[in-house]
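What follows is entry_12.tsv (TSV, C-alpha atoms).
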chain	number	residue	atom	x	y	z
J	1	MET	CA	-20.78	-5.77	-20.90
J	2	ASP	CA	-24.56	-6.07	-20.63
J	3	LYS	CA	-26.56	-3.01	-19.85
J	4	LYS	CA	-27.67	-2.61	-16.25
J	5	VAL	CA	-31.01	-1.39	-14.96
J	6	ALA	CA	-30.78	2.06	-13.39
J	7	LEU	CA	-31.42	2.50	-9.67
J	8	LEU	CA	-32.99	5.45	-7.89
J	9	LEU	CA	-33.22	5.38	-4.09
J	10	MET	CA	-35.40	7.95	-2.34
J	11	SER	CA	-35.93	8.47	1.37
J	12	HIS	CA	-36.81	10.80	4.18
J	13	GLY	CA	-33.49	12.37	5.17
J	14	ASP	CA	-30.18	10.83	4.07
J	15	PHE	CA	-31.13	7.18	4.45
J	16	ALA	CA	-31.05	6.52	0.69
J	17	ALA	CA	-27.59	8.02	0.16
J	18	GLU	CA	-26.23	6.34	3.28
J	19	LEU	CA	-27.72	2.99	2.28
J	20	MET	CA	-25.73	3.16	-0.95
J	21	ARG	CA	-22.61	4.05	1.05
J	22	SER	CA	-23.18	0.99	3.23
J	23	LEU	CA	-23.84	-1.16	0.17
J	24	GLU	CA	-20.66	-0.01	-1.54
J	25	PHE	CA	-18.79	-0.71	1.69
J	26	VAL	CA	-19.99	-4.30	1.49
J	27	ILE	CA	-19.80	-5.13	-2.21
J	28	GLY	CA	-17.74	-2.36	-3.78
J	29	LYS	CA	-18.39	0.59	-6.05
J	30	GLN	CA	-21.61	0.72	-8.08
J	31	ASP	CA	-22.64	2.81	-11.05
J	32	ASN	CA	-25.75	4.02	-12.89
J	33	TYR	CA	-27.60	4.94	-9.70
J	34	GLU	CA	-28.83	8.11	-8.00
J	35	THR	CA	-30.23	8.91	-4.57
J	36	LEU	CA	-32.61	11.60	-3.42
J	37	GLY	CA	-33.30	12.66	0.15
J	38	VAL	CA	-36.33	14.63	1.27
J	39	HIS	CA	-35.58	17.21	3.96
J	40	LEU	CA	-37.84	19.37	6.07
J	41	ASP	CA	-37.54	22.57	4.05
J	42	ASP	CA	-37.76	20.97	0.59
J	43	GLN	CA	-40.61	21.96	-1.74
J	44	VAL	CA	-42.41	19.09	-3.44
J	45	ASP	CA	-42.25	20.75	-6.88
J	46	ASP	CA	-38.57	21.22	-6.51
J	47	LEU	CA	-38.08	17.62	-5.36
J	48	GLN	CA	-39.98	16.43	-8.38
J	49	ARG	CA	-37.71	18.45	-10.66
J	50	GLN	CA	-34.68	17.03	-8.88
J	51	MET	CA	-36.03	13.52	-9.26
J	52	TYR	CA	-36.51	13.91	-13.02
J	53	ALA	CA	-33.08	15.50	-13.39
J	54	LYS	CA	-31.48	12.57	-11.57
J	55	ILE	CA	-33.31	10.05	-13.72
J	56	ASP	CA	-32.21	11.92	-16.85
J	57	SER	CA	-28.62	11.48	-15.75
J	58	LEU	CA	-29.07	7.69	-15.65
J	59	ASP	CA	-29.06	5.16	-18.46
J	60	THR	CA	-32.57	3.73	-18.14
J	61	GLU	CA	-32.66	1.84	-21.41
J	62	LYS	CA	-32.86	-1.49	-19.61
J	63	GLY	CA	-35.30	-0.18	-17.03
J	64	LEU	CA	-35.42	1.69	-13.75
J	65	VAL	CA	-35.89	0.35	-10.23
J	66	VAL	CA	-36.97	2.94	-7.68
J	67	PHE	CA	-36.61	2.15	-3.99
J	68	THR	CA	-38.43	4.25	-1.40
J	69	ASP	CA	-38.60	3.99	2.37
J	70	ILE	CA	-42.26	3.93	3.46
J	71	VAL	CA	-45.63	3.60	1.77
J	72	GLY	CA	-47.47	6.92	1.70
J	73	GLY	CA	-44.37	9.01	2.35
J	74	THR	CA	-43.26	11.84	0.08
J	75	PRO	CA	-40.56	9.74	-1.61
J	76	MET	CA	-43.14	7.10	-2.54
J	77	ASN	CA	-45.61	9.76	-3.68
J	78	LEU	CA	-42.93	11.32	-5.85
J	79	ALA	CA	-42.10	7.93	-7.32
J	80	GLY	CA	-45.76	7.48	-8.23
J	81	HIS	CA	-45.32	10.10	-10.96
J	82	LEU	CA	-42.95	7.73	-12.72
J	83	LEU	CA	-45.47	4.96	-13.25
J	84	GLU	CA	-46.49	6.31	-16.65
J	85	ARG	CA	-43.07	5.23	-17.88
J	86	GLU	CA	-42.32	1.73	-19.12
J	87	HIS	CA	-39.87	-0.77	-17.60
J	88	ILE	CA	-40.17	0.68	-14.15
J	89	LEU	CA	-40.46	-1.00	-10.76
J	90	ILE	CA	-41.16	0.93	-7.58
J	91	CYS	CA	-40.48	-0.83	-4.27
J	92	SER	CA	-41.13	0.60	-0.85
J	93	GLY	CA	-39.71	-0.79	2.38
J	94	MET	CA	-36.19	-0.28	1.05
J	95	ASN	CA	-33.51	-2.06	3.02
J	96	LEU	CA	-29.95	-3.28	2.50
J	97	PRO	CA	-30.74	-6.93	1.66
J	98	MET	CA	-33.19	-5.85	-1.08
J	99	VAL	CA	-30.86	-3.36	-2.69
J	100	LEU	CA	-27.95	-5.80	-2.42
J	101	GLU	CA	-29.92	-8.50	-4.22
J	102	CYS	CA	-30.97	-6.01	-6.86
J	103	SER	CA	-27.36	-4.84	-7.30
J	104	PHE	CA	-26.19	-8.38	-7.96
J	105	ASN	CA	-28.84	-8.85	-10.64
J	106	ARG	CA	-28.90	-5.62	-12.59
J	107	ASP	CA	-28.46	-7.44	-15.88
J	108	LYS	CA	-31.89	-9.06	-15.37
J	109	THR	CA	-35.22	-7.75	-16.60
J	110	ILE	CA	-37.57	-5.66	-14.46
J	111	GLN	CA	-39.96	-8.64	-14.28
J	112	GLU	CA	-37.23	-10.95	-12.97
J	113	LEU	CA	-36.07	-8.33	-10.48
J	114	GLU	CA	-39.57	-8.02	-9.08
J	115	GLU	CA	-39.42	-11.62	-7.84
J	116	LEU	CA	-35.80	-11.46	-6.66
J	117	ILE	CA	-36.34	-8.29	-4.64
J	118	LYS	CA	-39.48	-9.68	-3.04
J	119	ALA	CA	-37.60	-12.84	-2.02
J	120	ALA	CA	-34.68	-10.81	-0.65
J	121	TYR	CA	-37.05	-8.73	1.46
J	122	GLN	CA	-38.50	-11.88	2.98
J	123	SER	CA	-35.27	-13.82	3.57
J	124	GLY	CA	-33.50	-10.72	4.91
J	125	MET	CA	-35.59	-10.86	8.04
J	126	VAL	CA	-34.29	-13.45	10.51
J	127	MET	CA	-34.89	-13.68	14.23
J	128	ARG	CA	-32.64	-15.59	16.60
J	129	THR	CA	-33.16	-16.56	20.20
J	130	SER	CA	-31.04	-18.28	22.81
J	131	ALA	CA	-32.93	-21.51	22.03
J	132	GLU	CA	-30.71	-21.89	19.00
J	133	PHE	CA	-27.48	-21.81	20.99
J	134	THR	CA	-26.00	-25.23	20.30
J	135	GLU	CA	-22.94	-27.36	20.82
J	136	GLU	CA	-21.37	-28.78	17.70
J	137	ASP	CA	-21.55	-32.54	17.52
J	138	GLU	CA	-18.18	-33.81	16.37
J	139	ASP	CA	-18.99	-37.51	16.35
J	140	ASP	CA	-20.46	-37.65	12.87
J	141	LEU	CA	-18.29	-35.12	11.15
J	142	LEU	CA	-19.13	-34.76	7.48
J	143	LEU	CA	-17.28	-32.18	5.46
R	1	MET	CA	-13.21	-29.67	-2.21
R	2	ILE	CA	-11.49	-26.50	-1.04
R	3	CYS	CA	-12.62	-23.83	-3.50
R	4	PHE	CA	-11.47	-20.66	-1.80
R	5	CYS	CA	-9.03	-19.75	0.99
R	6	ARG	CA	-9.19	-16.37	2.63
R	7	ILE	CA	-7.58	-14.43	5.44
R	8	ASP	CA	-10.03	-12.07	7.06
R	9	ASP	CA	-9.70	-11.06	10.68
R	10	ARG	CA	-13.45	-10.43	10.82
R	11	LEU	CA	-14.08	-13.99	9.60
R	12	ILE	CA	-17.69	-14.25	8.43
R	13	HIS	CA	-19.24	-10.85	7.73
R	14	GLY	CA	-21.18	-8.91	5.12
R	15	GLN	CA	-18.50	-8.83	2.42
R	16	VAL	CA	-17.98	-12.57	2.72
R	17	VAL	CA	-21.59	-13.73	2.80
R	18	THR	CA	-22.90	-11.43	0.08
R	19	THR	CA	-20.10	-11.76	-2.45
R	20	TRP	CA	-17.57	-14.59	-2.11
R	21	VAL	CA	-20.00	-17.24	-0.89
R	22	ASN	CA	-22.18	-16.61	-3.95
R	23	ILE	CA	-19.48	-16.22	-6.55
R	24	LYS	CA	-17.61	-19.34	-5.44
R	25	LYS	CA	-20.87	-21.26	-4.86
R	26	ILE	CA	-19.73	-22.13	-1.34
R	27	GLU	CA	-21.64	-24.85	0.54
R	28	GLN	CA	-19.49	-24.92	3.64
R	29	ILE	CA	-17.20	-22.56	5.53
R	30	ILE	CA	-14.40	-23.96	7.67
R	31	VAL	CA	-12.94	-21.45	10.11
R	32	VAL	CA	-9.44	-22.38	11.18
R	33	ASN	CA	-8.45	-20.57	14.35
R	34	ASP	CA	-7.34	-21.78	17.77
R	35	LYS	CA	-9.04	-19.04	19.76
R	36	VAL	CA	-12.40	-19.30	18.02
R	37	ALA	CA	-12.38	-23.11	18.27
R	38	GLU	CA	-12.26	-22.73	22.06
R	39	ASP	CA	-14.98	-20.11	22.22
R	40	LYS	CA	-18.54	-21.47	22.34
R	41	ILE	CA	-20.19	-18.09	21.90
R	42	GLN	CA	-18.01	-17.08	18.97
R	43	LYS	CA	-18.71	-20.43	17.28
R	44	ASN	CA	-22.44	-19.94	17.63
R	45	ILE	CA	-22.23	-16.43	16.23
R	46	LEU	CA	-20.35	-17.76	13.22
R	47	ASN	CA	-23.00	-20.44	12.65
R	48	MET	CA	-25.67	-17.76	12.65
R	49	ALA	CA	-23.71	-15.43	10.39
R	50	ALA	CA	-23.60	-17.90	7.54
R	51	PRO	CA	-26.26	-17.68	4.83
R	52	GLN	CA	-29.02	-20.26	4.86
R	53	GLY	CA	-27.80	-23.62	3.65
R	54	VAL	CA	-24.12	-22.88	4.30
R	55	LYS	CA	-22.66	-25.04	7.05
R	56	VAL	CA	-19.95	-23.66	9.32
R	57	HIS	CA	-17.29	-25.74	11.07
R	58	THR	CA	-14.60	-24.35	13.32
R	59	PHE	CA	-11.31	-26.10	14.09
R	60	GLY	CA	-8.07	-25.22	15.78
R	61	VAL	CA	-5.03	-25.17	13.49
R	62	GLU	CA	-3.55	-28.57	14.42
R	63	LYS	CA	-6.99	-30.13	14.69
R	64	PHE	CA	-7.88	-29.02	11.16
R	65	ALA	CA	-4.71	-30.57	9.77
R	66	ASP	CA	-5.70	-33.87	11.46
R	67	VAL	CA	-9.28	-33.68	10.19
R	68	TYR	CA	-7.99	-32.88	6.70
R	69	LYS	CA	-6.02	-36.11	6.66
R	70	THR	CA	-8.87	-38.34	7.84
R	71	THR	CA	-12.06	-36.75	6.50
R	72	PRO	CA	-12.52	-36.10	2.79
R	73	ILE	CA	-13.90	-32.62	2.10
R	74	LYS	CA	-16.75	-33.22	-0.31
R	75	LYS	CA	-18.67	-29.96	-0.15
R	76	ARG	CA	-17.56	-26.81	-1.95
R	77	THR	CA	-15.62	-25.26	0.91
R	78	MET	CA	-14.20	-21.90	1.89
R	79	LEU	CA	-11.33	-21.94	4.38
R	80	LEU	CA	-11.25	-18.85	6.56
R	81	PHE	CA	-8.23	-17.79	8.59
R	82	THR	CA	-7.48	-14.65	10.60
R	83	ASN	CA	-3.74	-14.52	9.93
R	84	SER	CA	-0.92	-15.80	7.72
R	85	ILE	CA	0.86	-17.71	10.47
R	86	ASP	CA	-2.05	-20.16	10.76
R	87	VAL	CA	-2.18	-20.59	6.97
R	88	ASP	CA	1.53	-21.29	6.79
R	89	ARG	CA	1.19	-23.80	9.61
R	90	VAL	CA	-1.62	-25.81	7.94
R	91	VAL	CA	0.27	-25.82	4.63
R	92	GLU	CA	3.30	-27.18	6.48
R	93	LEU	CA	1.07	-29.83	8.02
R	94	GLY	CA	0.05	-30.99	4.56
R	95	VAL	CA	-3.08	-29.02	3.65
R	96	ASP	CA	-3.04	-28.31	-0.08
R	97	ILE	CA	-3.48	-24.56	-0.64
R	98	LYS	CA	-2.40	-23.04	-3.95
R	99	GLU	CA	-4.20	-19.73	-3.88
R	100	LEU	CA	-4.86	-17.42	-0.96
R	101	ASN	CA	-7.10	-14.37	-0.88
R	102	ILE	CA	-6.42	-11.59	1.61
R	103	GLY	CA	-9.58	-9.81	2.69
R	104	GLY	CA	-8.26	-7.96	5.69
R	105	MET	CA	-5.81	-7.92	8.54
R	106	ARG	CA	-6.50	-4.67	10.24
R	107	TYR	CA	-4.07	-2.07	11.45
R	108	GLN	CA	-3.21	-1.87	15.12
R	109	GLU	CA	-0.38	-0.22	16.95
R	110	GLY	CA	2.86	-2.04	16.24
R	111	ARG	CA	1.76	-3.47	12.91
R	112	LYS	CA	3.24	-2.46	9.58
R	113	GLN	CA	0.58	-1.26	7.15
R	114	LEU	CA	1.02	-2.65	3.63
R	115	THR	CA	-2.33	-1.63	2.11
R	116	LYS	CA	-5.47	-0.02	3.48
R	117	ALA	CA	-6.83	-3.40	4.54
R	118	LEU	CA	-3.62	-5.24	5.28
R	119	SER	CA	-1.24	-4.73	8.17
R	120	VAL	CA	1.25	-7.26	9.47
R	121	THR	CA	3.46	-8.05	12.43
R	122	PRO	CA	7.02	-9.16	11.60
R	123	GLU	CA	5.95	-12.79	12.26
R	124	GLU	CA	2.97	-12.51	9.92
R	125	GLU	CA	5.15	-10.94	7.24
R	126	LYS	CA	7.59	-13.83	7.57
R	127	ALA	CA	4.71	-16.30	7.22
R	128	PHE	CA	3.59	-14.59	4.00
R	129	HIS	CA	7.10	-14.93	2.58
R	130	SER	CA	7.19	-18.55	3.65
R	131	LEU	CA	3.87	-19.18	1.85
R	132	MET	CA	5.07	-17.47	-1.32
R	133	ASP	CA	8.27	-19.53	-1.18
R	134	LYS	CA	6.08	-22.63	-1.11
R	135	GLY	CA	4.44	-21.42	-4.34
R	136	VAL	CA	1.17	-20.16	-2.86
R	137	ASP	CA	-0.31	-17.43	-5.05
R	138	ILE	CA	-1.44	-14.62	-2.73
R	139	THR	CA	-3.77	-11.83	-3.84
R	140	ILE	CA	-5.23	-8.96	-1.87
R	141	GLN	CA	-8.87	-8.34	-2.74
R	142	MET	CA	-11.55	-7.42	-0.20
R	143	VAL	CA	-14.52	-7.97	-2.50
R	144	PRO	CA	-14.68	-9.37	-6.05
R	145	ASN	CA	-15.46	-5.87	-7.36
R	146	ASP	CA	-12.10	-4.58	-6.13
R	147	GLU	CA	-9.00	-4.85	-8.25
R	148	ALA	CA	-6.89	-7.84	-7.18
R	149	LYS	CA	-3.36	-6.96	-6.11
R	150	ASN	CA	-0.61	-9.53	-5.96
R	151	MET	CA	1.15	-9.81	-2.62
R	152	ARG	CA	4.57	-9.53	-4.29
R	153	GLU	CA	3.72	-5.98	-5.37
R	154	VAL	CA	3.15	-4.75	-1.83
R	155	MET	CA	5.84	-6.62	0.06

Once more with this new file: its structure as structure tokens, please.
Amino acid sequence: MDKKVALLLMSHGDFAAELMRSLEFVIGKQDNYETLGVHLDDQVDDLQRQMYAKIDSLDTEKGLVVFTDIVGGTPMNLAGHLLEREHILICSGMNLPMVLECSFNRDKTIQELEELIKAAYQSGMVMRTSAEFTEEDEDDLLL
Amino acid sequence: MICFCRIDDRLIHGQVVTTWVNIKKIEQIIVVNDKVAEDKIQKNILNMAAPQGVKVHTFGVEKFADVYKTTPIKKRTMLLFTNSIDVDRVVELGVDIKELNIGGMRYQEGRKQLTKALSVTPEEEKAFHSLMDKGVDITIQMVPNDEAKNMREVM
């Protein structure tokens, strides 16, 4: 089996861990990932140590994708420390469609994932209104 | 071409659109269910639940058997049912189904639970036996990542 890129999800509160729970609910069990949640009484130094410890527990030979919730937040600032490493991609605005797409493509390179995750972020946002409520036309049925 | 047949009482939802539709390269989903076929709102919701580019059609059980006889299915198609009775009925009406995936028939009071995701009424259990007697290969597998279990093991 091909090696998979490692995933690290970081968020304010338990969003990151719960996102992975939701993801595994949808597509089944995943491996080679870690999550880190920032809570009110956490110290930044300690969080940084935790982050490095979690990354050390992962197989990052093929690369590491870090998802964080919002730009400028502590999780994103923590992730910034990782940029000195190679084969790393940090994405903020983490959501389920992005992480799903990434999970399906973990055999790809970091460069390929960059494009796929960007596309998933865009296509994951759909708005519907009552204007689209339609009746199916059965006259010209093509299967 | 019918590429994949599934029983899932939630019909089109996250597990279906993110995994099976991609893996089986599905271009079209046909929902076969009498109740849904009568329900305008439910039909619209199903249309909107499908991924971009995947067409959804909904037919009642008898209606689908008629359509199957007169309209060739050219697109790569997933058939979605909510229960085994409807599957057994369309097979009896001539629809060619050799393999059937069970995604979920949820537990409710009065149903016998066979696996975490599969519970049956006596009628549904009978329909499963009838399908197996007709040579249909039935496997229980919610998502492709899960281990596939053969129906014979749990019955």

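For chain R, the residues no farther than 8 Å from chain J when using all atoms listed in the file are Gly14, Gln15, Thr18, Thr19, Gln28, Lys40, Asn44, Thr71, Pro72, Ile73, Lys74, Lys75, Val143, Pro144, Asn145 and Asp146 of chain R.
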
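Here the question is which of R:Leu93, R:Val120, R:Ile85, R:Ile12 gets nearest to His57 of chain R using all atoms listed in the file, and that residue is R:Ile12.
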
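In this structure, atom CA of Leu116 of chain J sits 11.9 Å away from atom CA of Cys91 of chain J.
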
Inset, instruction - List the residues sitting within 12 Å of (-36.2, 12.8, -1.3) in the file's frame, using all atoms listed in the file, as a PyMOL selection string. - result: chain J and resi 8-17+34-52+54+66-70+73-79

Inset, instruction - Identify which of the residues J:Ser130, J:Met125, J:Met20, J:Asp107 lies closest to Pro51 of chain R, counting all atoms listed in the file when measuring atom-to-atom distances. - result: J:Met125

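Within 9 Å of Glu123 of chain R, once only C-alpha atoms are used and residues closer than 4 positions along the same chain are dropped, the contacting residues are R:Ser84, R:Ile85, R:Ala127, R:Phe128.
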
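For the set J:Lys62, J:Arg21, J:Lys4, J:His81, the residue with the smallest atom-to-atom gap to Cys102 of chain J is J:Lys4, counting all atoms listed in the file.
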
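If all atoms listed in the file are the atoms counted, then among R:Thr82, R:Ser130, R:Thr77, R:Gln42 the closest residue to Lys25 of chain R is R:Thr77.
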
Legend entry - Atomic separation - atom CA of Val5 of chain J relative to atom CA of Thr60 of chain J, Å: 6.2 Å

Inset, instruction - Work out how far apart atom CA of Val67 of chain R and atom CA of Gln52 of chain R are and give it in Å to one decimal. - result: 24.5 Å

Inset, instruction - Excluding Val54 of chain R and residues on its chain fewer than 5 positions from it, collect all residues at most 9 Å away from it, counting all atoms listed in the file, and give them as a VMD selection string. - result: chain R and resid 21 26 to 29 47

Inset, instruction - Identify the residues around (-36.4, -9.2, -8.6) within a radius of 12 Å, measuring from only C-alpha atoms in the coordinates stated by the file, and give them as a ChimeraX atom specification. - result: /J:5,65,88-91,97-121

Legend entry - From R:Met78, R:Ala117, R:Val32, R:Met142, residue lying nearest Met105 of chain R [only C-alpha atoms]: R:Ala117

Since fewer atoms than expected are present, regenerate N, CA and C atoms for segment 14-39 of chain J and write them as a short mmCIF file (atom, residue, chain, number, x, y, z; two decimals), in the coordinates of the input.
data_model
loop_
_atom_site.label_atom_id
_atom_site.label_comp_id
_atom_site.auth_asym_id
_atom_site.auth_seq_id
_atom_site.Cartn_x
_atom_site.Cartn_y
_atom_site.Cartn_z
N ASP J 14 -31.32 11.34 4.87
CA ASP J 14 -30.18 10.83 4.07
C ASP J 14 -30.10 9.32 4.00
N PHE J 15 -31.14 8.64 4.43
CA PHE J 15 -31.13 7.18 4.45
C PHE J 15 -30.73 6.59 3.10
N ALA J 16 -31.31 7.10 2.01
CA ALA J 16 -31.05 6.52 0.69
C ALA J 16 -29.57 6.62 0.33
N ALA J 17 -29.00 7.82 0.51
CA ALA J 17 -27.59 8.02 0.16
C ALA J 17 -26.70 7.17 1.06
N GLU J 18 -27.05 7.10 2.34
CA GLU J 18 -26.23 6.34 3.28
C GLU J 18 -26.37 4.84 3.04
N LEU J 19 -27.55 4.41 2.60
CA LEU J 19 -27.72 2.99 2.28
C LEU J 19 -26.76 2.60 1.16
N MET J 20 -26.65 3.47 0.14
CA MET J 20 -25.73 3.16 -0.95
C MET J 20 -24.28 3.16 -0.46
N ARG J 21 -23.97 4.05 0.48
CA ARG J 21 -22.61 4.05 1.05
C ARG J 21 -22.34 2.72 1.77
N SER J 22 -23.33 2.27 2.52
CA SER J 22 -23.18 0.99 3.23
C SER J 22 -23.04 -0.15 2.22
N LEU J 23 -23.87 -0.11 1.19
CA LEU J 23 -23.84 -1.16 0.17
C LEU J 23 -22.48 -1.21 -0.52
N GLU J 24 -21.96 -0.05 -0.86
CA GLU J 24 -20.66 -0.01 -1.54
C GLU J 24 -19.53 -0.45 -0.60
N PHE J 25 -19.74 -0.22 0.68
CA PHE J 25 -18.79 -0.71 1.69
C PHE J 25 -18.75 -2.24 1.67
N VAL J 26 -19.91 -2.84 1.46
CA VAL J 26 -19.99 -4.30 1.49
C VAL J 26 -19.56 -4.93 0.17
N ILE J 27 -20.06 -4.43 -0.95
CA ILE J 27 -19.80 -5.13 -2.21
C ILE J 27 -18.98 -4.33 -3.23
N GLY J 28 -18.56 -3.15 -2.86
CA GLY J 28 -17.74 -2.36 -3.78
C GLY J 28 -18.55 -1.37 -4.59
N LYS J 29 -17.83 -0.55 -5.33
CA LYS J 29 -18.39 0.59 -6.05
C LYS J 29 -19.47 0.18 -7.05
N GLN J 30 -20.52 0.95 -7.13
CA GLN J 30 -21.61 0.72 -8.08
C GLN J 30 -21.72 1.90 -9.03
N ASP J 31 -22.42 1.67 -10.15
CA ASP J 31 -22.64 2.81 -11.05
C ASP J 31 -24.09 2.83 -11.54
N ASN J 32 -24.40 3.83 -12.34
CA ASN J 32 -25.75 4.02 -12.89
C ASN J 32 -26.83 4.02 -11.79
N TYR J 33 -26.57 4.76 -10.73
CA TYR J 33 -27.60 4.94 -9.70
C TYR J 33 -27.60 6.39 -9.22
N GLU J 34 -28.72 6.80 -8.62
CA GLU J 34 -28.83 8.11 -8.00
C GLU J 34 -29.61 7.95 -6.71
N THR J 35 -29.43 8.91 -5.79
CA THR J 35 -30.23 8.91 -4.57
C THR J 35 -30.83 10.30 -4.38
N LEU J 36 -31.95 10.33 -3.70
CA LEU J 36 -32.61 11.60 -3.42
C LEU J 36 -33.16 11.57 -2.01
N GLY J 37 -32.80 12.58 -1.21
CA GLY J 37 -33.30 12.66 0.15
C GLY J 37 -34.27 13.82 0.30
N VAL J 38 -35.36 13.57 1.00
CA VAL J 38 -36.33 14.63 1.27
C VAL J 38 -36.03 15.23 2.63
N HIS J 39 -35.85 16.55 2.67
CA HIS J 39 -35.58 17.21 3.96
C HIS J 39 -36.70 18.18 4.29
#
